[in-house]
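Heads up, the thing below is written out as structure tokens.
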Amino acid sequence: MLLCSLVTFGQVDTLQFDSLSSQVVTDTSAIKDSSLSLIDSLAIPVAKDPLEHDVDYEAEDSINFDITQNKAFLYGNAKVLYGDISLDADYIVFDWGKKLITAEGTLDSNGSLKGTPVFVEAGKTYNAERMVYNYDSKKGKIYKILTEEGGGYVHGEEVKKNEKDEMFIKNAKYTTCNLEDPHFYMRISKLKVIPDKQIVAGPSIMEIEKVPTPLAIPFGIFPINKKQASGILFPTYGFSTGQGYYLRDGGYYFGISDRFDLQLRGDIYSRGSWGLGGTARYVKRYKYDGSTTLRYTVNKVGIPESPNYSETPNFKIKSDFRVDDKRWPNAGFDMNVDIQTRGFARSNSYSQNQYLNNELSSGINYRKTFAGTPFSANVNFRHNQNLQTGVLNLTLPDAALVMRTVYPFKRKIQVGDKKWYEKVGVNYRMEEKNRLSTYDSLLFEDPNIIQEFQTGFKNSVTMNFGSYKLFNYFNLGILPNLSFNEYTYFKTIEKIYDTTTQSVVTNDIQGLKSSRDIRGLSTNLSTNLYGMVAFKRGKVRAIRHVLTPTLAARYDIDFTDPKWGYFETVQTDSLGSTTTYSRFEGGIVGSPNQREFGGIDFSLNNNLTAKIFSKKDTLSDDNLKKISILDQFNLNTSYNVIADSLNWSPIVLRATTKLFNKININLTQNLDPYVTVVNAGGTGTRINTSMWEDRKKLFRVTSTDLAVNTSLKSNPRTVNENVEEATSLVNQYPDEYIDFNIPWDLNLGYKLRINNTFIGGVDTQIITNNITIGTNFSITPKWKISVQSGYDFTDKQITATNIGIYRDLHCWEMSFNIIPFGALQSYNFTIKPKSSVLQDLKLTRKRDWFDN
């Protein structure tokens, strides 16, 4: 490769070295090494206005100089550098007299053009067949240009470029297709490109595969500003059976700054329905970020004069806010609010996931850690709303002050083993709750709603006396969770029997009342037992069983004794029957224990593993791998020694495993050793008769839950190096993101729940039994199909089903989504360009579920 760096000089007025006047200098190394001496010897005067930068150039083939014409000819993969300007081409002529650079490609042996010019200035790239550029005035002329502008591509037959980098193009094409021969484009007679601002087009017509379409415009303006810019948000249009023709989600976008923007949108329907809303987003790096959305709609159905006419106002408030951890190292604040009326959710849910979401929740959380101390605090405001039943729960607020476990008797400098008293730990927690449970329709209608709030305080001191090794095999825990609790309320309850209605009436008693209890009077003992079976032959070489039994002696104090003053008795019927109730019944922070317990808690945990040969390994003991046969099989129950009846508690069995490292199985069963009989209310009551005595059975199965699921997928075609970008796309557009990198995936789930209960005096078995399926697969690298469905074996019907078909059309994309049956029956067909620059250039055909 030949390299040169020349000092810029002007037009040659005199030439004293006549013998070189017609000679072309080809010894470029001599010129490179002694360019200044040659200038002096030739008496070539230096220009009075030298350029700001030296001009560097190189070529792989040769560099020829014509001194008489003040030109340099560069052949073969040539390159010229001047400041932030670079030019690459197969053939470049450098005219330092006129300060012109001319570049073009050359023909190869097949007659094809190669090495066409690639011009880069200030980070912008221009591809062309031929180019002439004045590096002093920064003006140029380009033939058959191809350059990228703001996410789109500009093709031009003849282009003039001025010193402002503005381009004036004849016979231009504008497209978002990145191919040299694009699939579609706007053919434009005249075009002006203002860099980083906009493209102004004259009369234009769209052509697809070089075929003109009826889509023509007299002029066009395409914004290409890389910064935020305000502009119109074009609405979607369509027809709704109930509300007529509509324009939806149209409005205006205000790109106020890099830290704040605002969207104002509206809906209008031909039959009178309308909606308004706005979304504001804000961010300050390393400090905070968030957004707020407000929506108000009026849904009108029917003709105003008809008896079935309805007009329903609805609203939605959604807001999130987060303070960056870097701003408050020892504190944090975040907010996520989602409040809406039931009518809004029904009439404005455009997707299956939105419609099926029956729960709304909100939370505002502040947390603080006091540096250098064991204390921390948090304050939470919570909201939970069921859109189906209208039940609304508000917690305003839920606050807590927590002291983490400290060891007051621990030595600052540890020498030797810990003494027993050094293991004594103490922690403290004070919490406050203020909760309201009502219906969303009554929240602003009931004038006495404030009186319905429940307020409670709880103080807890918990002690742990540590664990100890016994005989090297047993772990002994002494009072592992001993707690002293105090519950305080601003009101308690009183129950009386109303002889007129022959029912129990509950009254609120105002006044500050407290109660106290002690819990965790227990000691536990546990150990591990190991068993192993070894095999000399076969793929399985060993099976190991780990059995972990645990015994805990526990005592719970009965606080129903009248001396405590926490419980009362009340008559329940005309026969004089009575029952005991707590004056703190339903307390939101708890209340003293009502049932005395003195006995043993028993648990038995099992784990089963095996060692097998790997398929890829040789049959050597050094090439074994461990697999899990049974992750856990646990049994839990308890026996109350001091109770006069029903000493055994129900037995709970839990088993989990993962077959072939693919199939997850979870099983839970509740077993009752006692007989259940029908009570006066038609429900079941346990009696002190064992199942064995009555029916020669060990247990009565009260409930069974079985869940089986698996997830299978093919290996990705390529490794995604930009995981962060892919994750961001999935989070922002979960319903639109298509991953072609995974040829197929399959998710299967099966759930079975059997609940044995008494309904209307009859022992009834309620069964819930369903299967779900979700799959995505690529027919070809450009076609993708997704299916979400299932089947309910109890109701004998197909569950919510969604089928999606996607086609990658290179610079365009096509999608078809259909919910073929059910309450959400709908479809949506869209074909549009991928680029956001032409996001409003799309064809949509759809029918929403609320149009049926």
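Going by the structure tokens order, chains are called A, B, ..., each with residues numbered from 1, while ligands are numbered from 1 in the order shown.
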Close residues, stretch 671-678 of chain A itself excluded, 8 Å, only C-alpha atoms, min 3 positions apart in chain, as an MDAnalysis selection string: chainID A and resid 646 648:653 681:692 694 698:703 758 761:762
Write out as a list in words the residues lying within 10 Å of A:Leu87, counting only C-alpha atoms and excluding same-chain residues fewer than 6 positions away. Tyr57, Ala78, Lys79, Val80, Leu81, Ile101, Thr102, Ala103, Pro117, Val118, Phe119, Val120, Glu121, Thr125, Tyr126, Met131 and Tyr133 of chain A
Requested write-out: N, CA and C atoms of the selected residues, as a compact mmCIF listing (two decimals), in the first residue's frame:
# COMPACT_ATOMS: atom_id res chain seq x y z
N TYR A 57 -3.69 10.49 1.99
CA TYR A 57 -4.33 9.59 1.06
C TYR A 57 -3.46 8.36 0.86
N ALA A 78 -8.58 3.05 -3.09
CA ALA A 78 -7.98 4.31 -2.68
C ALA A 78 -8.78 4.94 -1.54
N LYS A 79 -8.06 5.81 -0.79
CA LYS A 79 -8.71 6.46 0.34
C LYS A 79 -8.09 7.83 0.55
N VAL A 80 -8.95 8.83 0.79
CA VAL A 80 -8.51 10.19 1.07
C VAL A 80 -9.09 10.60 2.42
N LEU A 81 -8.25 11.19 3.29
CA LEU A 81 -8.68 11.64 4.62
C LEU A 81 -8.39 13.14 4.74
N ILE A 101 -12.03 16.79 -5.27
CA ILE A 101 -11.81 15.35 -5.22
C ILE A 101 -12.88 14.69 -6.07
N THR A 102 -12.46 13.89 -7.02
CA THR A 102 -13.39 13.15 -7.87
C THR A 102 -13.17 11.67 -7.63
N ALA A 103 -14.27 10.96 -7.41
CA ALA A 103 -14.18 9.53 -7.10
C ALA A 103 -15.22 8.76 -7.89
N PRO A 117 -17.77 4.87 -4.85
CA PRO A 117 -17.39 5.77 -3.75
C PRO A 117 -18.24 5.59 -2.49
N VAL A 118 -17.57 5.66 -1.36
CA VAL A 118 -18.22 5.70 -0.05
C VAL A 118 -17.67 6.93 0.65
N PHE A 119 -18.54 7.91 0.85
CA PHE A 119 -18.13 9.20 1.39
C PHE A 119 -18.68 9.33 2.81
N VAL A 120 -17.82 9.69 3.78
CA VAL A 120 -18.22 9.83 5.18
C VAL A 120 -17.83 11.23 5.65
N GLU A 121 -18.82 11.95 6.19
CA GLU A 121 -18.56 13.28 6.72
C GLU A 121 -19.36 13.46 8.00
N THR A 125 -22.79 8.66 6.22
CA THR A 125 -22.24 7.88 5.12
C THR A 125 -23.09 8.06 3.86
N TYR A 126 -22.40 8.25 2.72
CA TYR A 126 -23.07 8.39 1.43
C TYR A 126 -22.44 7.40 0.46
N MET A 131 -18.73 10.78 -7.70
CA MET A 131 -18.83 11.87 -6.75
C MET A 131 -17.74 12.90 -7.04
N TYR A 133 -16.29 16.49 -5.19
CA TYR A 133 -16.43 17.20 -3.91
C TYR A 133 -15.34 18.24 -3.78
Identify, on the basis of only C-alpha atoms, every residue whose closest approach to A:Asp196 does not exceed 12 Å; exclude the query and any residue fewer than 6 positions from it along the same chain; express the result as number ranges by chain. A: 122-124, 148-152, 164-166, 222-229
Run DSSP on the backbone and grab whatever in stretch 158-362 of chain A lands in alpha helix (DSSP H); send it over as an mmCIF file with C-alpha atoms, in the first residue's frame.
data_model
loop_
_atom_site.group_PDB
_atom_site.id
_atom_site.type_symbol
_atom_site.label_atom_id
_atom_site.label_comp_id
_atom_site.auth_asym_id
_atom_site.auth_seq_id
_atom_site.Cartn_x
_atom_site.Cartn_y
_atom_site.Cartn_z
ATOM 1 C CA ARG A 342 -64.959 -1.908 36.596
ATOM 2 C CA GLY A 343 -66.676 -0.355 33.590
ATOM 3 C CA PHE A 344 -63.400 0.992 32.268
ATOM 4 C CA ALA A 345 -61.793 -2.427 32.405
ATOM 5 C CA ARG A 346 -64.725 -3.997 30.555
ATOM 6 C CA SER A 347 -65.032 -1.404 27.777
ATOM 7 C CA GLN A 352 -57.065 -10.996 26.087
ATOM 8 C CA ASN A 353 -54.572 -10.547 28.926
ATOM 9 C CA GLN A 354 -56.121 -7.230 29.965
ATOM 10 C CA TYR A 355 -59.620 -8.668 29.928
ATOM 11 C CA LEU A 356 -58.738 -11.769 31.947
#
Atom pair atom CA of A:Thr506 / atom CA of A:Glu494: separation (Å): 5.8 Å
Write out as a count of residues only the residues lying within 8 Å of A:Gly156, counting only C-alpha atoms and excluding same-chain residues fewer than 6 positions away. 9
12 Å contact set for stretch 415-419 of chain A, only C-alpha atoms, chain neighbours under 6 positions out, as a PyMOL selection string: chain A and resi 407+409+465-468
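Closest approach to A:Asn634 from the set A:Asn670, A:Asn664, A:Lys713, A:Ala610 is made by A:Asn670, with distances taken over only C-alpha atoms.
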Quote the spacing between atom CA of A:Val424 and atom CA of A:Phe375 in Å to one decimal place.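 So the answer is 18.4 Å.
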Interatomic distance between atom CA of A:Leu396 and atom CA of A:Met430?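 These atoms are spaced 16.4 Å apart.
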Which of these residues is nearest to A:Ser273, using only C-alpha atoms: A:Glu311, A:Asp56, A:Asp848, A:Asp84?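 Ranked by minimum distance to A:Ser273, first place goes to A:Glu311.
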In terms of the shortest atom-to-atom distance over only C-alpha atoms, which of A:Ala680, A:Lys658, A:Val193, A:Ser835 is closest to A:Asn709?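 Closest to A:Asn709 of all the choices is A:Lys658.
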Which of stretch 115-295 of chain A counts as strand (DSSP E or B) under DSSP, as a VMD selection string please? chain A and resid 118 to 121 124 to 127 130 to 134 139 to 149 152 to 161 167 to 175 184 to 194 198 to 201 204 to 208 211 to 217 220 to 223 231 to 233 236 to 240 244 to 254 260 to 269 274 to 284 288 to 295
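Distances from A:Leu748, A:Leu630, A:Ala534, A:Ile766 to A:Ile612 were compared using only C-alpha atoms, and the smallest one belongs to A:Ala534.
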Just want the 9 Å neighbourhood of stretch 775-789 of chain A, counted on only C-alpha atoms, with same-chain residues fewer than 3 positions away dropped. Output as a list of chain:residue names. A:Ile738, A:Asp739, A:Phe740, A:Asn741, A:Ile742, A:Pro743, A:Trp744, A:Asp745, A:Leu746, A:Asn747, A:Leu748, A:Ile771, A:Thr772, A:Ile798, A:Thr799, A:Ala800, A:Thr801, A:Asn802, A:Ile803, A:Gly804, A:Ile805, A:Tyr806, A:Arg807, A:Asp808, A:Leu809, A:His810
For those residues, write N, CA, C and O atoms to a file as an mmCIF file, in the first residue's frame.
data_model
loop_
_atom_site.group_PDB
_atom_site.id
_atom_site.type_symbol
_atom_site.label_atom_id
_atom_site.label_comp_id
_atom_site.auth_asym_id
_atom_site.auth_seq_id
_atom_site.Cartn_x
_atom_site.Cartn_y
_atom_site.Cartn_z
ATOM 1 N N ILE A 738 -41.448 -10.618 18.617
ATOM 2 C CA ILE A 738 -41.337 -11.912 17.945
ATOM 3 C C ILE A 738 -39.878 -12.337 17.966
ATOM 4 O O ILE A 738 -39.008 -11.625 17.481
ATOM 5 N N ASP A 739 -39.620 -13.515 18.544
ATOM 6 C CA ASP A 739 -38.248 -14.017 18.628
ATOM 7 C C ASP A 739 -38.061 -15.132 17.613
ATOM 8 O O ASP A 739 -38.465 -16.272 17.823
ATOM 9 N N PHE A 740 -37.431 -14.799 16.475
ATOM 10 C CA PHE A 740 -37.172 -15.795 15.442
ATOM 11 C C PHE A 740 -35.929 -16.610 15.746
ATOM 12 O O PHE A 740 -35.615 -17.554 15.027
ATOM 13 N N ASN A 741 -35.209 -16.248 16.785
ATOM 14 C CA ASN A 741 -33.974 -16.949 17.097
ATOM 15 C C ASN A 741 -34.241 -18.346 17.655
ATOM 16 O O ASN A 741 -33.388 -19.216 17.589
ATOM 17 N N ILE A 742 -35.439 -18.566 18.229
ATOM 18 C CA ILE A 742 -35.831 -19.876 18.746
ATOM 19 C C ILE A 742 -36.784 -20.517 17.742
ATOM 20 O O ILE A 742 -37.916 -20.053 17.569
ATOM 21 N N PRO A 743 -36.373 -21.575 17.011
ATOM 22 C CA PRO A 743 -37.253 -22.177 15.996
ATOM 23 C C PRO A 743 -38.581 -22.666 16.563
ATOM 24 O O PRO A 743 -39.604 -22.558 15.910
ATOM 25 N N TRP A 744 -38.563 -23.217 17.785
ATOM 26 C CA TRP A 744 -39.822 -23.645 18.385
ATOM 27 C C TRP A 744 -39.680 -23.756 19.895
ATOM 28 O O TRP A 744 -38.586 -23.935 20.430
ATOM 29 N N ASP A 745 -40.800 -23.611 20.588
ATOM 30 C CA ASP A 745 -40.854 -23.881 22.021
ATOM 31 C C ASP A 745 -42.252 -24.375 22.360
ATOM 32 O O ASP A 745 -43.226 -24.089 21.653
ATOM 33 N N LEU A 746 -42.340 -25.126 23.443
ATOM 34 C CA LEU A 746 -43.605 -25.737 23.846
ATOM 35 C C LEU A 746 -43.713 -25.703 25.366
ATOM 36 O O LEU A 746 -42.793 -26.131 26.066
ATOM 37 N N ASN A 747 -44.832 -25.174 25.866
ATOM 38 C CA ASN A 747 -45.100 -25.134 27.303
ATOM 39 C C ASN A 747 -46.410 -25.873 27.568
ATOM 40 O O ASN A 747 -47.465 -25.503 27.015
ATOM 41 N N LEU A 748 -46.343 -26.904 28.406
ATOM 42 C CA LEU A 748 -47.514 -27.702 28.755
ATOM 43 C C LEU A 748 -47.724 -27.660 30.259
ATOM 44 O O LEU A 748 -46.758 -27.723 31.030
ATOM 45 N N ILE A 771 -55.952 -28.532 31.386
ATOM 46 C CA ILE A 771 -54.635 -28.570 30.766
ATOM 47 C C ILE A 771 -54.443 -27.286 29.968
ATOM 48 O O ILE A 771 -55.398 -26.756 29.387
ATOM 49 N N THR A 772 -53.239 -26.749 29.971
ATOM 50 C CA THR A 772 -52.928 -25.553 29.193
ATOM 51 C C THR A 772 -51.769 -25.861 28.255
ATOM 52 O O THR A 772 -50.902 -26.683 28.556
ATOM 53 N N ILE A 798 -63.104 -25.870 25.668
ATOM 54 C CA ILE A 798 -61.796 -25.294 25.413
ATOM 55 C C ILE A 798 -61.684 -23.963 26.146
ATOM 56 O O ILE A 798 -62.622 -23.157 26.145
ATOM 57 N N THR A 799 -60.560 -23.727 26.796
ATOM 58 C CA THR A 799 -60.357 -22.483 27.541
ATOM 59 C C THR A 799 -59.899 -21.372 26.585
ATOM 60 O O THR A 799 -59.830 -21.561 25.373
ATOM 61 N N ALA A 800 -59.621 -20.201 27.148
ATOM 62 C CA ALA A 800 -59.248 -19.039 26.357
ATOM 63 C C ALA A 800 -58.146 -19.393 25.360
ATOM 64 O O ALA A 800 -57.094 -19.915 25.731
ATOM 65 N N THR A 801 -58.395 -19.122 24.082
ATOM 66 C CA THR A 801 -57.492 -19.514 23.001
ATOM 67 C C THR A 801 -57.095 -18.293 22.183
ATOM 68 O O THR A 801 -57.937 -17.447 21.861
ATOM 69 N N ASN A 802 -55.830 -18.212 21.854
ATOM 70 C CA ASN A 802 -55.309 -17.124 21.032
ATOM 71 C C ASN A 802 -54.343 -17.720 20.019
ATOM 72 O O ASN A 802 -53.399 -18.412 20.381
ATOM 73 N N ILE A 803 -54.579 -17.451 18.741
ATOM 74 C CA ILE A 803 -53.720 -17.953 17.665
ATOM 75 C C ILE A 803 -53.118 -16.747 16.950
ATOM 76 O O ILE A 803 -53.835 -15.817 16.570
ATOM 77 N N GLY A 804 -51.813 -16.758 16.782
ATOM 78 C CA GLY A 804 -51.125 -15.658 16.107
ATOM 79 C C GLY A 804 -50.251 -16.163 14.975
ATOM 80 O O GLY A 804 -49.587 -17.193 15.090
ATOM 81 N N ILE A 805 -50.280 -15.450 13.857
ATOM 82 C CA ILE A 805 -49.447 -15.769 12.696
ATOM 83 C C ILE A 805 -48.656 -14.513 12.339
ATOM 84 O O ILE A 805 -49.229 -13.423 12.222
ATOM 85 N N TYR A 806 -47.352 -14.676 12.171
ATOM 86 C CA TYR A 806 -46.483 -13.530 11.861
ATOM 87 C C TYR A 806 -45.619 -13.868 10.662
ATOM 88 O O TYR A 806 -45.085 -14.966 10.542
ATOM 89 N N ARG A 807 -45.498 -12.897 9.746
ATOM 90 C CA ARG A 807 -44.655 -13.068 8.552
ATOM 91 C C ARG A 807 -43.683 -11.895 8.462
ATOM 92 O O ARG A 807 -44.084 -10.737 8.453
ATOM 93 N N ASP A 808 -42.399 -12.230 8.422
ATOM 94 C CA ASP A 808 -41.355 -11.230 8.241
ATOM 95 C C ASP A 808 -41.209 -10.959 6.754
ATOM 96 O O ASP A 808 -40.819 -11.833 5.985
ATOM 97 N N LEU A 809 -41.544 -9.736 6.338
ATOM 98 C CA LEU A 809 -41.477 -9.340 4.941
ATOM 99 C C LEU A 809 -40.278 -8.427 4.687
ATOM 100 O O LEU A 809 -40.367 -7.484 3.913
ATOM 101 N N HIS A 810 -39.187 -8.688 5.378
ATOM 102 C CA HIS A 810 -37.961 -7.912 5.292
ATOM 103 C C HIS A 810 -38.166 -6.517 5.866
ATOM 104 O O HIS A 810 -38.012 -6.308 7.056
#
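In terms of minimum interatomic distance to A:Gly332, A:Ile364 ranks closest within A:Leu575, A:Leu479, A:Leu107, A:Ile364, counting only C-alpha atoms.
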